[in-house]
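Printed here is model_10.txt (compact mmCIF, C-alpha atoms):
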```txt
# COMPACT_ATOMS: atom_id res chain seq x y z
CA MET A 1174 0.00 0.00 0.00
CA LYS A 1175 1.11 3.59 -0.58
CA ASN A 1176 2.37 5.21 2.60
CA ASP A 1177 0.66 8.33 3.92
CA THR A 1178 2.89 11.36 4.48
CA PRO A 1179 3.61 12.45 8.06
CA GLN A 1180 1.51 15.58 7.45
CA GLN A 1181 -1.46 13.47 6.37
CA LEU A 1182 -1.12 11.20 9.38
CA ASP A 1183 -0.87 14.18 11.73
CA SER A 1184 -3.98 15.74 10.19
CA ASP A 1185 -5.89 12.47 10.36
CA GLN A 1186 -4.94 12.01 14.00
CA GLU A 1187 -5.92 15.55 14.90
CA ILE A 1188 -9.27 15.24 13.12
CA ALA A 1189 -9.94 11.95 14.91
CA ARG A 1190 -9.06 13.54 18.25
CA VAL A 1191 -11.34 16.52 17.63
CA ILE A 1192 -14.23 14.24 16.63
CA ASP A 1193 -13.77 12.18 19.79
CA GLU A 1194 -13.80 15.35 21.87
CA VAL A 1195 -16.92 16.88 20.29
CA MET A 1196 -18.79 13.62 20.89
CA SER A 1197 -18.41 14.21 24.60
CA SER A 1198 -21.65 15.44 26.15
CA SER A 1199 -19.65 17.35 28.79
CA LEU A 1200 -18.59 20.08 26.33
CA SER A 1201 -20.18 23.48 26.70
CA ASN A 1202 -21.60 25.17 23.60
CA GLU A 1203 -18.53 27.41 23.39
CA GLN A 1204 -16.14 24.48 23.71
CA TYR A 1205 -18.05 22.67 21.00
CA ARG A 1206 -17.82 25.70 18.72
CA GLN A 1207 -14.06 25.99 19.29
CA LYS A 1208 -13.50 22.30 18.55
CA MET A 1209 -15.51 22.47 15.33
CA GLN A 1210 -13.66 25.63 14.29
CA ARG A 1211 -10.38 23.77 14.74
CA ARG A 1212 -11.79 20.85 12.70
CA LYS A 1213 -12.69 23.31 9.94
CA GLU A 1214 -9.20 24.85 9.93
CA VAL A 1215 -7.46 21.48 9.65
CA GLN A 1216 -9.74 20.38 6.81
CA GLU A 1217 -9.36 23.63 4.89
CA LYS A 1218 -5.57 23.39 5.18
CA ARG A 1219 -5.63 19.86 3.76
CA ILE A 1220 -7.83 20.95 0.86
CA ALA A 1221 -5.56 23.92 0.10
CA GLN A 1222 -2.55 21.59 -0.10
CA ALA A 1223 -4.30 18.98 -2.25
CA VAL A 1224 -3.50 18.32 -5.91
CA PRO A 1225 -6.25 19.95 -8.05
CA GLU A 1226 -6.85 17.00 -10.40
CA LYS A 1227 -5.43 13.57 -11.17
CA GLY A 1228 -6.73 10.67 -13.21
CA LEU A 1229 -7.45 7.92 -10.69
CA ILE A 1230 -7.30 4.14 -10.77
CA ILE A 1231 -10.27 3.04 -8.69
CA VAL A 1232 -10.94 -0.50 -7.46
CA ASN A 1233 -14.29 -1.66 -6.05
CA THR A 1234 -13.89 -5.15 -4.63
CA GLY A 1235 -15.04 -7.42 -1.79
CA ASN A 1236 -17.79 -10.00 -1.33
CA GLY A 1237 -20.54 -7.49 -0.61
CA LYS A 1238 -23.03 -6.09 -3.10
CA GLY A 1239 -22.73 -2.62 -4.61
CA LYS A 1240 -19.43 -2.66 -6.50
CA THR A 1241 -20.90 -2.04 -9.92
CA THR A 1242 -23.65 0.17 -8.51
CA ALA A 1243 -21.08 2.49 -6.93
CA ALA A 1244 -19.13 2.61 -10.19
CA LEU A 1245 -22.27 3.48 -12.15
CA GLY A 1246 -22.83 6.39 -9.79
CA MET A 1247 -19.46 7.78 -10.91
CA VAL A 1248 -20.50 7.17 -14.51
CA MET A 1249 -23.62 9.27 -13.93
CA ARG A 1250 -21.58 12.08 -12.41
CA SER A 1251 -19.16 12.08 -15.34
CA LEU A 1252 -22.01 12.15 -17.85
CA GLY A 1253 -23.56 15.01 -15.92
CA HIS A 1254 -20.35 16.98 -16.37
CA GLY A 1255 -20.48 16.34 -20.10
CA TYR A 1256 -17.53 13.91 -20.12
CA LYS A 1257 -17.20 10.98 -22.49
CA VAL A 1258 -17.42 7.60 -20.75
CA ALA A 1259 -16.83 3.98 -21.80
CA ILE A 1260 -18.18 0.89 -20.03
CA VAL A 1261 -16.88 -2.59 -20.81
CA GLN A 1262 -18.59 -5.46 -18.97
CA PHE A 1263 -16.42 -8.59 -18.76
CA ILE A 1264 -18.79 -11.20 -17.34
CA LYS A 1265 -22.24 -9.82 -17.98
CA GLY A 1266 -23.64 -9.99 -21.47
CA ALA A 1267 -25.72 -13.15 -21.70
CA TRP A 1268 -28.69 -10.87 -20.98
CA GLU A 1269 -29.36 -7.27 -22.03
CA PRO A 1270 -28.26 -5.18 -19.05
CA SER A 1271 -30.88 -2.73 -17.82
CA GLU A 1272 -28.08 -0.21 -17.31
CA LYS A 1273 -27.49 -0.20 -21.05
CA ARG A 1274 -31.10 0.76 -21.72
CA VAL A 1275 -30.95 3.62 -19.23
CA PHE A 1276 -27.67 4.95 -20.56
CA SER A 1277 -28.97 4.96 -24.12
CA ASN A 1278 -30.10 8.50 -23.31
CA TRP A 1279 -26.43 9.55 -23.45
CA GLN A 1280 -25.48 7.95 -26.76
CA ASP A 1281 -23.37 10.94 -27.76
CA GLN A 1282 -21.24 10.64 -24.59
CA LEU A 1283 -21.25 6.95 -23.72
CA GLU A 1284 -19.88 3.78 -25.29
CA PHE A 1285 -21.29 0.61 -23.68
CA HIS A 1286 -20.04 -2.91 -24.43
CA ALA A 1287 -21.38 -6.00 -22.64
CA MET A 1288 -18.83 -8.53 -23.87
CA GLY A 1289 -19.21 -11.53 -21.56
CA GLU A 1290 -21.58 -14.46 -21.86
CA GLY A 1291 -22.82 -14.66 -18.31
CA PHE A 1292 -21.48 -16.33 -15.21
CA THR A 1293 -18.63 -18.80 -15.63
CA TRP A 1294 -20.78 -21.70 -14.43
CA GLU A 1295 -23.26 -20.91 -17.20
CA THR A 1296 -20.82 -20.97 -20.12
CA GLN A 1297 -18.92 -24.10 -18.98
CA ASP A 1298 -16.33 -23.44 -21.71
CA ARG A 1299 -13.01 -22.16 -20.36
CA ASP A 1300 -11.45 -21.49 -23.76
CA ARG A 1301 -14.46 -19.46 -24.86
CA ASP A 1302 -14.51 -17.54 -21.57
CA LEU A 1303 -10.80 -16.79 -21.99
CA ASP A 1304 -11.29 -15.57 -25.56
CA LYS A 1305 -14.20 -13.36 -24.52
CA ALA A 1306 -12.17 -11.85 -21.66
CA GLN A 1307 -9.23 -11.14 -23.95
CA ALA A 1308 -11.52 -9.51 -26.49
CA ALA A 1309 -13.07 -7.38 -23.74
CA TRP A 1310 -9.60 -6.35 -22.58
CA GLU A 1311 -8.57 -5.31 -26.10
CA LYS A 1312 -11.74 -3.22 -26.34
CA SER A 1313 -10.94 -1.71 -22.94
CA LEU A 1314 -7.47 -0.73 -24.09
CA GLU A 1315 -8.95 1.21 -26.99
CA TYR A 1316 -10.77 3.48 -24.56
CA ILE A 1317 -8.03 3.60 -21.91
CA ARG A 1318 -5.67 5.01 -24.52
CA LYS A 1319 -8.09 7.64 -25.84
CA PRO A 1320 -7.60 11.00 -24.09
CA ASP A 1321 -11.13 12.18 -24.95
CA PHE A 1322 -12.65 9.51 -22.66
CA ARG A 1323 -12.54 10.88 -19.13
CA LEU A 1324 -13.84 7.73 -17.40
CA VAL A 1325 -13.52 4.05 -18.31
CA LEU A 1326 -15.40 1.42 -16.29
CA LEU A 1327 -14.10 -2.16 -16.50
CA ASP A 1328 -16.97 -4.01 -14.88
CA GLU A 1329 -16.20 -7.43 -13.32
CA ILE A 1330 -12.65 -7.40 -14.68
CA ASN A 1331 -11.45 -8.57 -11.25
CA ILE A 1332 -13.38 -11.81 -11.81
CA ALA A 1333 -11.56 -12.32 -15.10
CA LEU A 1334 -8.27 -11.79 -13.27
CA LYS A 1335 -9.25 -14.16 -10.46
CA MET A 1336 -10.23 -16.87 -12.96
CA GLY A 1337 -6.96 -16.49 -14.86
CA TYR A 1338 -8.60 -15.22 -18.06
CA LEU A 1339 -6.40 -12.13 -17.82
CA GLN A 1340 -2.99 -11.64 -16.19
CA VAL A 1341 -2.50 -8.87 -13.64
CA ASP A 1342 0.76 -7.74 -15.29
CA GLN A 1343 -1.14 -7.41 -18.56
CA VAL A 1344 -3.74 -5.18 -16.95
CA LEU A 1345 -1.20 -3.08 -15.03
CA ALA A 1346 0.73 -2.47 -18.24
CA GLY A 1347 -2.47 -1.31 -19.92
CA LEU A 1348 -3.34 1.02 -17.05
CA ALA A 1349 0.11 2.58 -17.36
CA GLU A 1350 -0.91 3.76 -20.84
CA LYS A 1351 -3.85 5.84 -19.69
CA PRO A 1352 -3.67 9.63 -20.14
CA ALA A 1353 -2.94 11.63 -16.99
CA ASP A 1354 -6.52 12.90 -16.60
CA THR A 1355 -8.36 9.64 -17.29
CA HIS A 1356 -10.09 7.75 -14.48
CA VAL A 1357 -10.38 3.95 -14.70
CA ILE A 1358 -12.68 1.92 -12.43
CA LEU A 1359 -12.15 -1.83 -12.02
CA THR A 1360 -14.89 -3.80 -10.25
CA GLY A 1361 -15.39 -7.35 -9.03
CA ARG A 1362 -14.55 -9.44 -6.01
CA GLY A 1363 -11.07 -10.84 -5.48
CA ALA A 1364 -9.00 -7.93 -6.78
CA PRO A 1365 -5.34 -9.05 -6.83
CA ALA A 1366 -2.89 -7.48 -4.39
CA ALA A 1367 -0.78 -5.95 -7.17
CA LEU A 1368 -3.80 -4.10 -8.55
CA ILE A 1369 -4.77 -2.86 -5.09
CA GLU A 1370 -1.21 -1.64 -4.60
CA ARG A 1371 -1.33 0.29 -7.88
CA ALA A 1372 -4.77 1.82 -7.31
CA ASP A 1373 -5.38 5.32 -5.95
CA LEU A 1374 -8.77 4.52 -4.42
CA VAL A 1375 -9.82 1.09 -3.16
CA THR A 1376 -13.17 0.25 -1.59
CA GLU A 1377 -13.98 -3.19 -0.21
CA MET A 1378 -17.66 -4.04 0.03
CA THR A 1379 -18.21 -6.26 3.08
CA LEU A 1380 -20.99 -8.84 3.03
CA VAL A 1381 -23.05 -8.76 6.23
CA LYS A 1382 -26.40 -10.17 5.05
CA HIS A 1383 -27.61 -11.28 1.63
CA PRO A 1384 -31.22 -12.10 0.67
CA PHE A 1385 -30.28 -15.07 -1.52
CA ARG A 1386 -27.82 -16.59 0.93
CA ASP A 1387 -29.89 -15.94 4.05
CA GLN A 1388 -33.48 -16.15 2.77
CA GLY A 1389 -33.31 -17.82 -0.63
CA VAL A 1390 -34.62 -14.72 -2.42
CA LYS A 1391 -33.81 -14.71 -6.13
CA ALA A 1392 -32.15 -11.82 -7.96
CA GLN A 1393 -34.74 -9.11 -8.60
CA PRO A 1394 -35.12 -6.44 -11.30
CA GLY A 1395 -34.02 -3.03 -10.09
CA ILE A 1396 -31.83 -4.55 -7.39
CA GLU A 1397 -29.49 -7.07 -9.01
CA TYR A 1398 -30.15 -6.28 -12.69
```
Could you render the structure from this file as structure tokens?
Amino acid sequence: MKNDTPQQLDSDQEIARVIDEVMSSSLSNEQYRQKMQRRKEVQEKRIAQAVPEKGLIIVNTGNGKGKTTAALGMVMRSLGHGYKVAIVQFIKGAWEPSEKRVFSNWQDQLEFHAMGEGFTWETQDRDRDLDKAQAAWEKSLEYIRKPDFRLVLLDEINIALKMGYLQVDQVLAGLAEKPADTHVILTGRGAPAALIERADLVTEMTLVKHPFRDQGVKAQPGIEY
């Protein structure tokens, strides 16, 4: 993992201390105001020192739900800013994704490719799955290399890496080709350590309860697809 600078650690520790203090019910209103003013000063200093913009490598992983959903939220934001966006889905594709129908309203800004054939246990053909994953990766590289695409979403690519359909060194080399301002999101459980190390933002979705696992509830429209 990338190491935080001493200044960042000091700021984080001070913010945590201030939060702990303001949670105390023994503070007077004036003490509370002073603590929150100090919290504001620390945060404003951090923002002033921050880099204005940087193309990020973002990884959404973990066994919990919401990895693709969170990524699609970023897609919506980018479209709202007028940016061009590309989505390449590695596993999904045996059905017509509902997301694709919604995003058809942004045809002038969005390129959407569902290039898988469904879950690996559905296809039951490793060579075909491998070929499909490689084809999806080649399509992904086209967009990663194009500077006019501000955001590229590689949906479920971590599954392709976990299954051995793609090699992590292959993907890292491709990510190194992205323009400086381009953001790339990689979703799917089981993200490899080398990809996590390279990423700028990593979120792990933790599974606490799941309706299928715990109650036998099937995937439902509007929730899973």
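Closest approach to A:Glu1315 among A:Leu1348, A:Ile1369, A:Met1209, A:Leu1252 is made by A:Leu1348 (distances from all atoms listed in the file).
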- Query: Pick from A:Ile1317, A:Leu1200, A:Ala1244, A:Ala1221: nearest to A:Val1375, with all atoms listed in the file counted?
  - Reply: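 With all atoms listed in the file as the atom set, the closest residue is A:Ala1244.
The coordinates place atom CA of A:Pro1394 at 21.4 Å from atom CA of A:Val1381.
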- Task: Within 10 Å of A:Leu1339, counting all atoms listed in the file, which residues show up once you throw out same-chain ones fewer than 5 positions away? Write them as a list in words, please.
- Result: Leu1303, Asp1304, Ala1306, Gln1307, Trp1310, Ile1330, Asn1331, Ile1332, Ala1333, Leu1334 and Val1344 of chain A
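Distances from A:Val1232, A:Ala1353, A:Val1341, A:Leu1314 to A:Glu1377 were compared using all atoms listed in the file, and the smallest one belongs to A:Val1232.
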